[in-house]
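Notes to accompany the following structure.
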Amino acid sequence: MVLKVLFIDFSETLAGADGLFSDTLSFLDAVKGKYYLVILAEEKADDINGRLEELGIRSRFQLVVSADDYGMKKPEHRLINIALALINDNTGENVSKQDCVLVGDRPDLDIKLGNTAGVKTIRIKRGAFSNTEPFFDDEKAAYNFVSLTDALSVIAPGAKAVKKEEKPEKEEKKTEAPKPAKKARKKK
């Protein structure tokens with residue numbers, strides 16, 4: 001079996017300022033076992049790993065690669081080469097760019113990174129950059145979707161996103177304190 005790699009941008013693709021998007025967990029479940037999952041981030045890997053832990057999804061990713069940790073910024077295409085070298089070292093495989101897909105939200109950073117590196121690109125048009133149009137040809141994604149669920153048609157044909165209410169793996173159950181009984185109002 002050929003190892004396939006799914007590079008995913010974190011911010012505004014999997015999560016926004018308020019936490020995970022509603023389709024993130026079902027998407028990750030649908031691609032589990034089909035891809036080697038890698039977060040490609042601009043921020044330091046320690047910061048992203050911490051955020052993934054907070055959200056209860058760190059264990060779903062095999063690798064986090066940070067442009068900042070290598071002294072670069074997106075869309076530097078060498079970031080894909082570094083990630084592939086790390087994957088090949090970790091797995092003993094020889095992963096080809098043809099077996100990679102990059103999913104992101106920003107045409108000027110994520111999509112340009114994937115296109116210039118020679119991997120298939122999928123843009124999720126949501127969040128802060130949902131209305132940003134590509135300015136150059138290398139910023140145009142091969143596929144555009146409004147949700148991760150819709151992107152499954154290309155990423156994992158036949159896979160279905162689970163449409164149930166899910167909680168992150170490490171989230172603790174929250175119990176509400178009983179509300180105090182309302183006092184009856186006295187009429188004057």
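Following the order of the structure tokens, first chain is A, next is B, and so on, with residues numbered from 1 inside each chain and ligands from 1 in the order they appear.
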
Exercise for the section: Show which residues sit within 7 Å of region 96-113 of chain A, as a PyMOL selection string. Count only C-alpha atoms, and ignore same-chain residues fewer than 2 positions away. Expected result: chain A and resi 4-9+12-13+74-77+94+115-126+129+134+138-141

Exercise for the section: From region 35-149 of chain A, collect each residue whose DSSP state is alpha helix (DSSP H) and return the set as a ChimeraX atom specification. Expected result: /A:45-54,78-91,112-117,148-149

Problem - Secondary structure check, strand (DSSP E) residues of chain A, as a ChimeraX atom specification - result: /A:5-8,15-16,19-20,36-41,63-66,100-104,120-124,143-145

Problem - Pick from A:Pro157, A:Asp47, A:Gly16, A:Val2 nearest to Ala30 (chain A), counting only C-alpha atoms - result: A:Pro157

Practice task
Please provide as a VMD selection string all residues within 12 Å of Ala17 (chain A), with the sequence filter that same-chain residues fewer than 3 positions apart are discarded (counting only C-alpha atoms).
Solution key: chain A and resid 10 to 14 20 to 21 51 55 127 to 128

Problem - Pick from A:Leu28, A:Ile57, A:Ala151, A:Ala67 nearest to Glu42 (chain A), counting only C-alpha atoms - result: A:Ala67
